[in-house]
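Pasting upload-v3.txt here (compact mmCIF, C-alpha atoms):
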```txt
# COMPACT_ATOMS: atom_id res chain seq x y z
CA MET A 13 26.42 -58.00 -7.58
CA GLU A 14 25.25 -61.30 -9.05
CA VAL A 15 21.72 -59.91 -9.33
CA LYS A 16 22.90 -56.76 -11.15
CA VAL A 17 24.84 -58.82 -13.69
CA VAL A 18 21.88 -61.12 -14.27
CA LYS A 19 19.73 -58.06 -14.88
CA ARG A 20 22.23 -56.79 -17.48
CA VAL A 21 22.25 -60.18 -19.23
CA LEU A 22 18.44 -60.17 -19.30
CA ASP A 23 18.35 -56.58 -20.64
CA VAL A 24 20.69 -57.48 -23.51
CA ASN A 25 18.60 -60.58 -24.18
CA GLU A 26 15.41 -58.50 -24.28
CA LYS A 27 16.84 -56.27 -27.00
CA MET A 28 17.93 -59.27 -29.07
CA ALA A 29 14.51 -60.84 -28.57
CA ASP A 30 12.81 -57.69 -29.91
CA GLN A 31 15.03 -57.84 -32.99
CA ASN A 32 14.11 -61.50 -33.50
CA ARG A 33 10.42 -60.71 -33.09
CA LYS A 34 10.65 -57.98 -35.73
CA MET A 35 12.54 -60.27 -38.12
CA PHE A 36 10.03 -63.12 -37.70
CA ALA A 37 7.08 -60.72 -38.11
CA GLU A 38 8.51 -59.37 -41.37
CA LYS A 39 8.68 -62.92 -42.69
CA GLY A 40 5.17 -63.71 -41.45
CA ILE A 41 6.44 -66.44 -39.17
CA PHE A 42 4.69 -67.47 -35.96
CA VAL A 43 7.17 -68.60 -33.30
CA LEU A 44 6.22 -71.08 -30.57
CA ASN A 45 8.59 -71.65 -27.64
CA VAL A 46 8.04 -75.08 -26.04
CA MET A 47 9.41 -75.68 -22.54
CA SER A 48 9.27 -78.40 -19.86
CA SER A 49 11.21 -80.45 -17.34
CA PRO A 50 13.62 -83.00 -18.81
CA GLY A 51 11.69 -86.01 -20.09
CA ALA A 52 8.20 -84.49 -19.94
CA GLY A 53 7.68 -85.42 -23.58
CA LYS A 54 8.40 -82.29 -25.63
CA SER A 55 9.97 -84.20 -28.51
CA THR A 56 7.27 -86.84 -28.80
CA THR A 57 4.59 -84.13 -28.59
CA LEU A 58 6.31 -82.18 -31.34
CA GLU A 59 6.86 -85.25 -33.54
CA LYS A 60 3.11 -85.91 -33.49
CA THR A 61 2.20 -82.23 -33.78
CA LEU A 62 4.43 -81.75 -36.85
CA ALA A 63 2.99 -84.82 -38.55
CA ILE A 64 -0.58 -83.53 -38.11
CA LEU A 65 0.25 -79.91 -39.07
CA LYS A 66 2.27 -80.80 -42.14
CA PRO A 67 -0.48 -80.62 -44.77
CA ASP A 68 -1.61 -77.18 -43.55
CA LEU A 69 1.45 -75.31 -42.36
CA ASN A 70 5.10 -75.10 -43.32
CA CYS A 71 6.87 -75.85 -40.08
CA ALA A 72 10.51 -75.65 -39.03
CA VAL A 73 12.12 -76.49 -35.71
CA ILE A 74 15.03 -75.23 -33.63
CA VAL A 75 15.96 -77.82 -31.01
CA GLY A 76 17.99 -76.89 -27.96
CA ASP A 77 19.97 -79.43 -26.02
CA ILE A 78 23.08 -79.18 -23.92
CA CYS A 79 24.49 -82.25 -25.64
CA THR A 80 23.48 -84.79 -28.28
CA SER A 81 21.31 -84.46 -31.38
CA HIS A 82 18.83 -87.17 -30.32
CA ASP A 83 15.78 -84.90 -30.42
CA ALA A 84 16.78 -83.16 -33.64
CA ASP A 85 17.28 -86.53 -35.33
CA ARG A 86 13.81 -87.63 -34.23
CA LEU A 87 12.15 -84.42 -35.40
CA ALA A 88 14.00 -84.37 -38.71
CA ARG A 89 12.27 -87.67 -39.54
CA THR A 90 8.99 -85.72 -39.76
CA GLY A 91 10.39 -84.01 -42.86
CA ALA A 92 10.48 -80.56 -41.29
CA PRO A 93 13.73 -78.58 -41.48
CA VAL A 94 15.44 -78.87 -38.10
CA VAL A 95 18.37 -76.92 -36.65
CA GLN A 96 20.09 -78.37 -33.61
CA VAL A 97 21.62 -76.01 -31.05
CA ASN A 98 23.97 -77.57 -28.50
CA THR A 99 24.42 -75.07 -25.69
CA ASP A 100 27.63 -76.84 -24.74
CA GLU A 101 29.16 -74.42 -27.27
CA PHE A 102 27.74 -71.58 -25.17
CA GLY A 103 29.10 -72.82 -21.81
CA GLY A 104 26.47 -75.55 -21.27
CA ASP A 105 23.67 -73.00 -20.98
CA CYS A 106 20.52 -74.10 -19.20
CA HIS A 107 18.23 -72.17 -21.57
CA LEU A 108 18.05 -70.85 -25.12
CA ALA A 109 18.81 -67.13 -25.33
CA ALA A 110 17.66 -64.76 -28.08
CA HIS A 111 21.10 -64.49 -29.73
CA VAL A 112 21.24 -68.28 -30.00
CA ILE A 113 17.89 -68.32 -31.81
CA GLU A 114 19.02 -65.56 -34.18
CA LYS A 115 22.13 -67.57 -35.07
CA ALA A 116 20.17 -70.83 -35.48
CA ALA A 117 17.56 -69.13 -37.70
CA GLU A 118 20.31 -68.26 -40.19
CA ASP A 119 20.41 -71.95 -41.08
CA LEU A 120 16.72 -72.01 -42.07
CA ASP A 121 15.03 -70.82 -45.27
CA LEU A 122 12.72 -68.45 -43.40
CA ASP A 123 10.74 -67.54 -46.54
CA ALA A 124 9.42 -71.09 -46.59
CA VAL A 125 8.31 -71.15 -42.94
CA ASP A 126 4.88 -70.35 -41.44
CA LEU A 127 5.43 -71.80 -37.98
CA LEU A 128 8.78 -72.01 -36.23
CA ILE A 129 8.75 -74.26 -33.18
CA VAL A 130 11.56 -73.92 -30.66
CA GLU A 131 12.10 -76.90 -28.41
CA ASN A 132 13.90 -75.38 -25.45
CA ILE A 133 16.32 -77.04 -23.00
CA GLY A 134 14.61 -79.40 -20.53
CA ASN A 135 14.41 -77.12 -17.50
CA LEU A 136 11.36 -75.77 -15.67
CA VAL A 137 13.24 -72.76 -14.29
CA CYS A 138 15.68 -70.77 -16.40
CA PRO A 139 14.13 -70.86 -19.91
CA ALA A 140 11.10 -68.97 -18.54
CA GLU A 141 13.34 -65.96 -17.88
CA PHE A 142 14.58 -65.65 -21.46
CA ASP A 143 12.41 -64.07 -24.13
CA ILE A 144 13.57 -65.39 -27.51
CA GLY A 145 11.25 -63.27 -29.63
CA GLU A 146 8.43 -65.81 -29.68
CA ASP A 147 4.70 -65.21 -30.22
CA ALA A 148 3.51 -67.89 -27.80
CA ARG A 149 4.91 -70.14 -25.12
CA ALA A 150 3.78 -73.65 -24.27
CA VAL A 151 4.72 -75.67 -21.20
CA VAL A 152 4.52 -79.47 -21.27
CA LEU A 153 3.97 -81.05 -17.85
CA SER A 154 4.02 -84.80 -17.47
CA VAL A 155 1.48 -86.24 -15.04
CA THR A 156 4.30 -88.41 -13.68
CA GLU A 157 5.86 -85.26 -12.20
CA GLY A 158 3.15 -84.80 -9.57
CA GLU A 159 0.43 -82.18 -9.26
CA ASP A 160 2.28 -79.35 -7.57
CA LYS A 161 4.90 -78.28 -10.11
CA PRO A 162 2.92 -75.17 -11.19
CA VAL A 163 3.11 -73.68 -7.69
CA LYS A 164 6.70 -74.80 -7.17
CA TYR A 165 7.87 -73.34 -10.50
CA PRO A 166 5.34 -70.50 -10.88
CA LEU A 167 7.29 -68.28 -13.29
CA MET A 168 7.14 -70.91 -16.03
CA PHE A 169 3.37 -71.29 -15.71
CA ARG A 170 2.84 -67.54 -15.43
CA GLU A 171 4.90 -66.85 -18.57
CA CYS A 172 3.37 -69.54 -20.75
CA ASP A 173 0.19 -69.15 -22.83
CA VAL A 174 -0.87 -72.78 -22.80
CA ALA A 175 -0.18 -75.92 -20.77
CA LEU A 176 -0.11 -79.49 -22.05
CA LEU A 177 -0.69 -82.17 -19.40
CA ASN A 178 1.12 -85.05 -21.04
CA LYS A 179 1.32 -88.84 -20.51
CA ILE A 180 -2.33 -89.16 -19.46
CA ASP A 181 -2.15 -92.78 -20.68
CA LEU A 182 -0.25 -93.45 -17.43
CA LEU A 183 -2.99 -92.03 -15.16
CA PRO A 184 -4.45 -95.47 -14.27
CA TYR A 185 -1.08 -96.43 -12.74
CA LEU A 186 -0.45 -93.20 -10.80
CA ASN A 187 -1.78 -91.68 -7.63
CA TYR A 188 -2.46 -88.41 -9.47
CA ASP A 189 -5.32 -85.96 -9.02
CA ILE A 190 -5.68 -84.18 -12.37
CA ASP A 191 -8.17 -81.63 -10.99
CA LYS A 192 -5.66 -80.68 -8.31
CA ALA A 193 -3.03 -80.15 -11.03
CA ARG A 194 -5.44 -77.98 -13.05
CA ASN A 195 -6.28 -75.94 -9.95
CA TYR A 196 -2.59 -75.37 -9.24
CA ILE A 197 -2.07 -74.18 -12.82
CA HIS A 198 -4.98 -71.78 -12.59
CA GLN A 199 -3.78 -70.58 -9.19
CA VAL A 200 -0.64 -69.13 -10.82
CA HIS A 201 -2.24 -68.41 -14.23
CA PRO A 202 -6.03 -67.98 -14.11
CA ASP A 203 -7.88 -69.16 -17.25
CA MET A 204 -4.74 -70.66 -18.81
CA PRO A 205 -5.82 -73.12 -21.52
CA ILE A 206 -4.89 -76.68 -20.53
CA PHE A 207 -4.92 -79.67 -22.87
CA ASP A 208 -4.76 -83.22 -21.53
CA ILE A 209 -2.75 -85.26 -24.00
CA SER A 210 -0.87 -88.46 -24.51
CA ALA A 211 1.80 -87.81 -27.10
CA GLN A 212 2.42 -91.56 -27.04
CA THR A 213 -1.12 -92.67 -27.95
CA GLY A 214 -2.20 -89.45 -29.71
CA GLU A 215 -5.10 -88.85 -27.30
CA GLY A 216 -6.07 -85.20 -26.99
CA LEU A 217 -3.69 -83.94 -29.67
CA ASP A 218 -6.50 -82.66 -31.93
CA SER A 219 -7.68 -80.09 -29.37
CA TRP A 220 -4.14 -78.86 -28.76
CA ILE A 221 -3.45 -78.57 -32.47
CA GLY A 222 -6.76 -76.78 -32.96
CA TRP A 223 -5.65 -74.20 -30.39
CA LEU A 224 -2.25 -73.84 -32.04
CA LYS A 225 -3.72 -73.40 -35.53
CA GLY A 226 -6.09 -70.82 -34.05
CA VAL A 227 -3.34 -68.60 -32.62
CA VAL A 228 -1.27 -68.87 -35.81
CA GLU A 229 -4.32 -67.90 -37.93
CA LYS A 230 -5.16 -65.05 -35.55
CA LYS A 231 -1.70 -63.55 -35.93
CA LYS A 232 -1.74 -63.94 -39.73
CA SER A 233 -5.03 -62.11 -40.04
CA ALA A 234 -4.04 -59.37 -37.57
CA MET B 819 31.50 -61.12 -20.64
CA GLU B 820 28.71 -63.33 -19.38
CA VAL B 821 31.11 -66.26 -19.16
CA LYS B 822 33.63 -64.25 -17.13
CA VAL B 823 30.98 -63.18 -14.62
CA VAL B 824 29.69 -66.72 -14.27
CA LYS B 825 33.24 -67.86 -13.58
CA ARG B 826 33.55 -65.24 -10.80
CA VAL B 827 30.26 -66.34 -9.24
CA LEU B 828 31.45 -69.96 -9.31
CA ASP B 829 34.84 -69.01 -7.79
CA VAL B 830 33.12 -67.22 -4.88
CA ASN B 831 30.81 -70.21 -4.46
CA GLU B 832 33.77 -72.59 -4.37
CA LYS B 833 35.33 -70.68 -1.47
CA MET B 834 32.07 -70.70 0.48
CA ALA B 835 31.66 -74.42 -0.24
CA ASP B 836 35.12 -75.11 1.19
CA GLN B 837 34.16 -73.22 4.36
CA ASN B 838 30.95 -75.27 4.62
CA ARG B 839 32.90 -78.49 4.11
CA LYS B 840 35.30 -77.57 6.92
CA MET B 841 32.43 -76.62 9.25
CA PHE B 842 30.56 -79.86 8.57
CA ALA B 843 33.73 -81.95 9.00
CA GLU B 844 34.44 -80.34 12.39
CA LYS B 845 30.96 -81.36 13.52
CA GLY B 846 31.38 -84.88 12.12
CA ILE B 847 28.48 -84.39 9.70
CA PHE B 848 28.20 -86.20 6.37
CA VAL B 849 26.43 -84.07 3.76
CA LEU B 850 24.51 -85.60 0.85
CA ASN B 851 23.32 -83.36 -2.02
CA VAL B 852 20.32 -84.88 -3.83
CA MET B 853 19.46 -83.57 -7.30
CA SER B 854 17.04 -84.41 -10.12
CA SER B 855 14.56 -83.07 -12.67
CA PRO B 856 11.34 -81.68 -11.24
CA GLY B 857 9.06 -84.52 -10.20
CA ALA B 858 11.60 -87.34 -10.41
CA GLY B 859 10.74 -88.35 -6.86
CA LYS B 860 13.40 -86.79 -4.61
CA SER B 861 10.97 -86.05 -1.76
CA THR B 862 9.31 -89.47 -1.74
CA THR B 863 12.74 -91.14 -1.90
CA LEU B 864 13.94 -89.04 1.02
CA GLU B 865 10.78 -89.61 3.08
CA LYS B 866 11.33 -93.37 2.82
CA THR B 867 15.11 -93.08 3.29
CA LEU B 868 14.73 -90.99 6.46
CA ALA B 869 12.21 -93.42 7.94
CA ILE B 870 14.57 -96.36 7.42
CA LEU B 871 17.71 -94.51 8.60
CA LYS B 872 16.11 -93.02 11.71
CA PRO B 873 17.03 -95.71 14.26
CA ASP B 874 20.70 -95.65 13.17
CA LEU B 875 21.55 -92.08 12.21
CA ASN B 876 20.54 -88.60 13.33
CA CYS B 877 19.39 -86.98 10.10
CA ALA B 878 18.47 -83.41 9.22
CA VAL B 879 17.31 -81.98 5.92
CA ILE B 880 17.65 -78.71 4.03
CA VAL B 881 15.02 -78.50 1.29
CA GLY B 882 15.38 -76.12 -1.62
CA ASP B 883 12.41 -74.93 -3.61
CA ILE B 884 11.77 -71.78 -5.56
CA CYS B 885 8.34 -71.49 -3.96
CA THR B 886 6.13 -73.41 -1.49
CA SER B 887 7.02 -75.53 1.54
CA HIS B 888 5.27 -78.67 0.22
CA ASP B 889 8.38 -80.86 0.32
CA ALA B 890 9.59 -79.54 3.67
CA ASP B 891 6.16 -80.23 5.20
CA ARG B 892 6.26 -83.81 3.90
CA LEU B 893 9.79 -84.44 5.16
CA ALA B 894 9.11 -82.85 8.58
CA ARG B 895 6.51 -85.57 9.15
CA THR B 896 9.39 -88.09 9.34
CA GLY B 897 10.45 -86.39 12.58
CA ALA B 898 13.76 -85.13 11.20
CA PRO B 899 14.57 -81.42 11.62
CA VAL B 900 13.90 -79.71 8.28
CA VAL B 901 14.87 -76.24 7.07
CA GLN B 902 13.09 -74.90 4.01
CA VAL B 903 14.94 -72.58 1.65
CA ASN B 904 12.84 -70.69 -0.86
CA THR B 905 15.15 -69.31 -3.52
CA ASP B 906 12.50 -66.76 -4.43
CA GLU B 907 14.23 -64.70 -1.72
CA PHE B 908 17.47 -65.05 -3.71
CA GLY B 909 16.00 -63.99 -7.06
CA GLY B 910 14.25 -67.29 -7.89
CA ASP B 911 17.56 -69.13 -8.15
CA CYS B 912 17.57 -72.36 -10.12
CA HIS B 913 20.03 -74.06 -7.74
CA LEU B 914 21.20 -74.01 -4.12
CA ALA B 915 24.47 -72.13 -3.67
CA ALA B 916 26.98 -72.61 -0.85
CA HIS B 917 26.08 -69.36 0.95
CA VAL B 918 22.42 -70.43 1.02
CA ILE B 919 23.38 -73.73 2.70
CA GLU B 920 25.55 -71.92 5.25
CA LYS B 921 22.62 -69.67 6.18
CA ALA B 922 20.12 -72.56 6.33
CA ALA B 923 22.48 -74.63 8.52
CA GLU B 924 22.33 -71.88 11.17
CA ASP B 925 18.76 -72.99 11.86
CA LEU B 926 19.83 -76.57 12.69
CA ASP B 927 21.37 -77.96 15.87
CA LEU B 928 24.42 -79.30 14.07
CA ASP B 929 25.80 -81.06 17.16
CA ALA B 930 22.83 -83.42 16.96
CA VAL B 931 23.26 -84.30 13.26
CA ASP B 932 25.18 -87.21 11.70
CA LEU B 933 23.77 -86.97 8.19
CA LEU B 934 22.58 -83.75 6.56
CA ILE B 935 20.59 -84.34 3.40
CA VAL B 936 20.12 -81.42 1.01
CA GLU B 937 17.20 -81.73 -1.39
CA ASN B 938 18.20 -79.39 -4.20
CA ILE B 939 15.96 -77.47 -6.64
CA GLY B 940 14.38 -79.70 -9.29
CA ASN B 941 16.70 -79.02 -12.20
CA LEU B 942 19.01 -81.37 -14.08
CA VAL B 943 21.33 -78.57 -15.23
CA CYS B 944 22.36 -75.74 -12.90
CA PRO B 945 22.63 -77.44 -9.48
CA ALA B 946 25.43 -79.64 -10.85
CA GLU B 947 27.60 -76.55 -11.27
CA PHE B 948 27.37 -75.46 -7.63
CA ASP B 949 29.45 -77.16 -4.96
CA ILE B 950 27.69 -76.67 -1.61
CA GLY B 951 30.35 -78.33 0.56
CA GLU B 952 28.82 -81.80 0.35
CA ASP B 953 30.54 -85.16 0.77
CA ALA B 954 28.49 -87.01 -1.82
CA ARG B 955 26.02 -86.25 -4.59
CA ALA B 956 23.08 -88.37 -5.67
CA VAL B 957 21.00 -87.94 -8.81
CA VAL B 958 17.47 -89.33 -8.96
CA LEU B 959 16.29 -90.18 -12.47
CA SER B 960 12.72 -91.27 -13.07
CA VAL B 961 12.26 -94.01 -15.67
CA THR B 962 9.36 -91.93 -17.04
CA GLU B 963 11.91 -89.38 -18.28
CA GLY B 964 13.30 -91.66 -20.97
CA GLU B 965 16.66 -93.39 -21.23
CA ASP B 966 18.83 -90.66 -22.70
CA LYS B 967 18.90 -87.96 -19.99
CA PRO B 968 22.43 -88.93 -18.84
CA VAL B 969 23.93 -88.10 -22.25
CA LYS B 970 21.75 -85.00 -22.68
CA TYR B 971 22.64 -83.63 -19.24
CA PRO B 972 26.10 -85.16 -18.80
CA LEU B 973 27.50 -82.76 -16.19
CA MET B 974 24.95 -83.88 -13.60
CA PHE B 975 25.79 -87.54 -14.11
CA ARG B 976 29.52 -86.86 -14.21
CA GLU B 977 29.41 -84.87 -10.95
CA CYS B 978 27.26 -87.29 -8.97
CA ASP B 979 28.56 -90.29 -7.02
CA VAL B 980 25.45 -92.43 -7.27
CA ALA B 981 22.33 -92.64 -9.45
CA LEU B 982 18.88 -93.77 -8.36
CA LEU B 983 16.64 -95.02 -11.18
CA ASN B 984 13.26 -94.30 -9.62
CA LYS B 985 9.64 -95.28 -10.37
CA ILE B 986 10.52 -98.77 -11.58
CA ASP B 987 6.99 -99.79 -10.54
CA LEU B 988 5.88 -98.03 -13.76
CA LEU B 989 8.19 -100.06 -16.04
CA PRO B 990 5.43 -102.48 -17.18
CA TYR B 991 3.53 -99.50 -18.64
CA LEU B 992 6.46 -97.77 -20.36
CA ASN B 993 8.44 -98.40 -23.47
CA TYR B 994 11.68 -98.10 -21.50
CA ASP B 995 14.92 -100.02 -21.91
CA ILE B 996 16.59 -99.99 -18.50
CA ASP B 997 19.84 -101.46 -19.81
CA LYS B 998 20.05 -98.63 -22.34
CA ALA B 999 19.62 -96.13 -19.49
CA ARG B 1000 22.35 -97.85 -17.47
CA ASN B 1001 24.67 -97.84 -20.47
CA TYR B 1002 24.08 -94.12 -21.02
CA ILE B 1003 24.90 -93.44 -17.35
CA HIS B 1004 28.11 -95.45 -17.58
CA GLN B 1005 28.99 -93.75 -20.85
CA VAL B 1006 29.32 -90.41 -19.02
CA HIS B 1007 30.37 -91.89 -15.65
CA PRO B 1008 31.98 -95.34 -15.88
CA ASP B 1009 31.33 -97.63 -12.88
CA MET B 1010 28.83 -95.21 -11.29
CA PRO B 1011 26.74 -97.16 -8.76
CA ILE B 1012 23.11 -97.34 -9.92
CA PHE B 1013 20.20 -98.45 -7.74
CA ASP B 1014 16.83 -99.35 -9.27
CA ILE B 1015 14.18 -98.19 -6.84
CA SER B 1016 10.52 -97.44 -6.44
CA ALA B 1017 10.19 -94.85 -3.70
CA GLN B 1018 6.43 -95.45 -3.95
CA THR B 1019 6.50 -99.20 -3.24
CA GLY B 1020 9.80 -99.30 -1.35
CA GLU B 1021 11.38 -101.74 -3.83
CA GLY B 1022 15.16 -101.49 -3.98
CA LEU B 1023 15.50 -98.98 -1.14
CA ASP B 1024 17.51 -101.36 1.08
CA SER B 1025 20.42 -101.54 -1.38
CA TRP B 1026 20.50 -97.77 -1.79
CA ILE B 1027 20.40 -97.21 1.97
CA GLY B 1028 23.13 -99.82 2.43
CA TRP B 1029 25.30 -97.82 0.05
CA LEU B 1030 24.52 -94.57 1.85
CA LYS B 1031 25.27 -96.01 5.31
CA GLY B 1032 28.52 -97.37 3.90
CA VAL B 1033 29.80 -93.99 2.67
CA VAL B 1034 28.75 -92.28 5.92
CA GLU B 1035 30.57 -94.96 7.98
CA LYS B 1036 33.63 -94.75 5.77
CA LYS B 1037 33.94 -91.02 6.35
CA LYS B 1038 33.42 -91.37 10.11
CA SER B 1039 36.17 -93.94 10.42
CA ALA B 1040 38.57 -92.02 8.15
```
Let's see the structure in the file written out as structure tokens.
Amino acid sequence: MEVKVVKRVLDVNEKMADQNRKMFAEKGIFVLNVMSSPGAGKSTTLEKTLAILKPDLNCAVIVGDICTSHDADRLARTGAPVVQVNTDEFGGDCHLAAHVIEKAAEDLDLDAVDLLIVENIGNLVCPAEFDIGEDARAVVLSVTEGEDKPVKYPLMFRECDVALLNKIDLLPYLNYDIDKARNYIHQVHPDMPIFDISAQTGEGLDSWIGWLKGVVEKKKSA
Amino acid sequence: MEVKVVKRVLDVNEKMADQNRKMFAEKGIFVLNVMSSPGAGKSTTLEKTLAILKPDLNCAVIVGDICTSHDADRLARTGAPVVQVNTDEFGGDCHLAAHVIEKAAEDLDLDAVDLLIVENIGNLVCPAEFDIGEDARAVVLSVTEGEDKPVKYPLMFRECDVALLNKIDLLPYLNYDIDKARNYIHQVHPDMPIFDISAQTGEGLDSWIGWLKGVVEKKKSA
């Protein structure tokens, strides 16, 4: 029973996601869905990413949180238009669904956007099940979370196009085997691009942003 | 529609949780539900907790993971009976539900258990919504996750009886204001007991275990 209902919810979501995808394509907007555990560093990564991208791309952000506008406030300081979604209005949802993105996008001037970044709810499980009409998905994994999250939460790593291993500035103080983490990622998603970064210090961000610019360019010229 | 169905699922869960609670009470078992983000340190905290409790209390553990038996393998090394639940069999569920606990408990010799610890799925959202028939709930929050998780995920902190601020050995390397974190916790849950711990180094574990023994004793003598 529960499973059937969940399937129906996901079917409805899939249709809405297709509508979003069509709408974004018509406007020439690339949509990136960024997901992670709570506190893995999505907001700091996006703050830095937006600052570097700004001269080249018109970016906008939709930020999902159950409560508070902390992240939206931080990202708005980059100068990019930011829409905050609090899923508390939607029953405290643990993910962003396609209809929520459609509604949030109404508050943006889509004609002035090249890249729309969606910062999803901090949750390594449920957001991976919900297509929002994005072009690419990124997962941020903090090295403080241990090496084995990719095999414990495989759907997220299977569904995402790129992984960011964040907080590498803390590696000297952790008992963390980064090769083991990479192997686990590639066990569930062979050849997945992985970027080692420290959003705090800025280390490694150039390679990640190079990748991101590449996929946006590729879609534009397609 | 979705909200109605979710309500029905939660109502059914509540009934099953009450049955679990009755069953555990008849056996004189105290049940602790431990929740956190992925990688906050639940397993390491429980490894150390079980080792310290062993001479005084007969402990058993039910470990929830979507995939893998990594955590169960680690906890089994403490000598406590451990049952692994992989929610992949239940559709990749993002939480442990009451019927899952009932089924897992069948694999334990409940007459030989004083304290049953449930290590929930790593998720700061959904597990808080599902009563499993427990006596107490603990949330583990790693200081690497930032200070504001309690206000961003308030249900978890409202529903739990105790908070463990873990990985304090990393504080010298973080830009983290522990008083701010404590204030955020008390903003959503006034007077909530908070223990600063490092499961890695063992710092602070005695106070936490003192609290845990206290609540178990209190229930026994009630």
Have a look at atom CA of Val980 of chain B and atom CA of Arg839 of chain B and let me know their distance in Å, one decimal.
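If I compute the distance from atom CA of Val980 of chain B to atom CA of Arg839 of chain B, I get 19.5 Å.
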Mind giving me the straight-line distance from atom CA of Trp220 of chain A to atom CA of Val151 of chain A in Å, one decimal?
12.1 Å
At most 7 Å is the cut-off: for each residue in chain A with any atom that close to an atom of chain B, write down the nearest atom pair and the distance in Å rounded to one decimal, counting all atoms listed in the file, chain first then increasing number, as a tab-separated table.
```
residue	atom	partner	partner_atom	distance
A:Ser49	CA	B:Pro856	CA	6.2
A:Pro50	CA	B:Ser855	CA	6.2
A:Gly51	CA	B:Glu963	CA	3.8
A:Ala52	CA	B:Glu963	CA	6.4
A:Asp77	CA	B:Lys970	CA	6.7
A:Ile78	CA	B:Lys970	CA	6.1
A:Cys79	CA	B:Lys970	CA	4.9
A:Thr80	CA	B:Lys970	CA	5.9
A:Cys106	CA	B:Val943	CA	6.0
A:Asn135	CA	B:Asn941	CA	6.1
A:Val137	CA	B:Cys912	CA	6.0
A:Cys138	CA	B:Cys912	CA	6.7
A:Glu157	CA	B:Gly857	CA	3.8
A:Gly158	CA	B:Gly857	CA	6.0
A:Val163	CA	B:Cys885	CA	6.8
A:Lys164	CA	B:Cys885	CA	4.9
A:Tyr165	CA	B:Ile884	CA	6.5
```
Would you list the residues near (33.3, -93.1, -15.6) (no more than 12 Å away, in the coordinates of the file, using all atoms listed in the file) as a list in words?
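Neighbouring residues, ordered by chain and number, come to Pro972, Leu973, Phe975, Arg976, Glu977, Cys978, Asp979, Val980, Asn1001, Tyr1002, Ile1003, His1004, Gln1005, Val1006, His1007, Pro1008, Asp1009, Met1010 and Pro1011 of chain B.
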Could you write out that same residue set with C-alpha atoms as an mmCIF file, in the coordinates of the input?
```cif
data_model
loop_
_atom_site.group_PDB
_atom_site.id
_atom_site.type_symbol
_atom_site.label_atom_id
_atom_site.label_comp_id
_atom_site.auth_asym_id
_atom_site.auth_seq_id
_atom_site.Cartn_x
_atom_site.Cartn_y
_atom_site.Cartn_z
ATOM 1 C CA PRO B 972 26.100 -85.160 -18.800
ATOM 2 C CA LEU B 973 27.500 -82.760 -16.190
ATOM 3 C CA PHE B 975 25.790 -87.540 -14.110
ATOM 4 C CA ARG B 976 29.520 -86.860 -14.210
ATOM 5 C CA GLU B 977 29.410 -84.870 -10.950
ATOM 6 C CA CYS B 978 27.260 -87.290 -8.970
ATOM 7 C CA ASP B 979 28.560 -90.290 -7.020
ATOM 8 C CA VAL B 980 25.450 -92.430 -7.270
ATOM 9 C CA ASN B 1001 24.670 -97.840 -20.470
ATOM 10 C CA TYR B 1002 24.080 -94.120 -21.020
ATOM 11 C CA ILE B 1003 24.900 -93.440 -17.350
ATOM 12 C CA HIS B 1004 28.110 -95.450 -17.580
ATOM 13 C CA GLN B 1005 28.990 -93.750 -20.850
ATOM 14 C CA VAL B 1006 29.320 -90.410 -19.020
ATOM 15 C CA HIS B 1007 30.370 -91.890 -15.650
ATOM 16 C CA PRO B 1008 31.980 -95.340 -15.880
ATOM 17 C CA ASP B 1009 31.330 -97.630 -12.880
ATOM 18 C CA MET B 1010 28.830 -95.210 -11.290
ATOM 19 C CA PRO B 1011 26.740 -97.160 -8.760
#
```
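The space between atom CA of Ala898 of chain B and atom CA of Lys866 of chain B spans 12.0 Å.
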Residues within 12 Å of Ala88 of chain A, all atoms listed in the file, excluding chain neighbours under 4 positions, as a PyMOL selection string:
chain A and resi 55+58-59+62-63+71-75+81-84+92-96
Please, could you write that set of residues out with C-alpha atoms as a PDB file, in the frame of the given file?
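Below is the file that was written, result26.pdb:
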```
ATOM      1  CA  SER A  55       9.970 -84.200 -28.510  1.00  0.00           C
ATOM      2  CA  LEU A  58       6.310 -82.180 -31.340  1.00  0.00           C
ATOM      3  CA  GLU A  59       6.860 -85.250 -33.540  1.00  0.00           C
ATOM      4  CA  LEU A  62       4.430 -81.750 -36.850  1.00  0.00           C
ATOM      5  CA  ALA A  63       2.990 -84.820 -38.550  1.00  0.00           C
ATOM      6  CA  CYS A  71       6.870 -75.850 -40.080  1.00  0.00           C
ATOM      7  CA  ALA A  72      10.510 -75.650 -39.030  1.00  0.00           C
ATOM      8  CA  VAL A  73      12.120 -76.490 -35.710  1.00  0.00           C
ATOM      9  CA  ILE A  74      15.030 -75.230 -33.630  1.00  0.00           C
ATOM     10  CA  VAL A  75      15.960 -77.820 -31.010  1.00  0.00           C
ATOM     11  CA  SER A  81      21.310 -84.460 -31.380  1.00  0.00           C
ATOM     12  CA  HIS A  82      18.830 -87.170 -30.320  1.00  0.00           C
ATOM     13  CA  ASP A  83      15.780 -84.900 -30.420  1.00  0.00           C
ATOM     14  CA  ALA A  84      16.780 -83.160 -33.640  1.00  0.00           C
ATOM     15  CA  ALA A  92      10.480 -80.560 -41.290  1.00  0.00           C
ATOM     16  CA  PRO A  93      13.730 -78.580 -41.480  1.00  0.00           C
ATOM     17  CA  VAL A  94      15.440 -78.870 -38.100  1.00  0.00           C
ATOM     18  CA  VAL A  95      18.370 -76.920 -36.650  1.00  0.00           C
ATOM     19  CA  GLN A  96      20.090 -78.370 -33.610  1.00  0.00           C
TER      20      GLN A  96
END
```
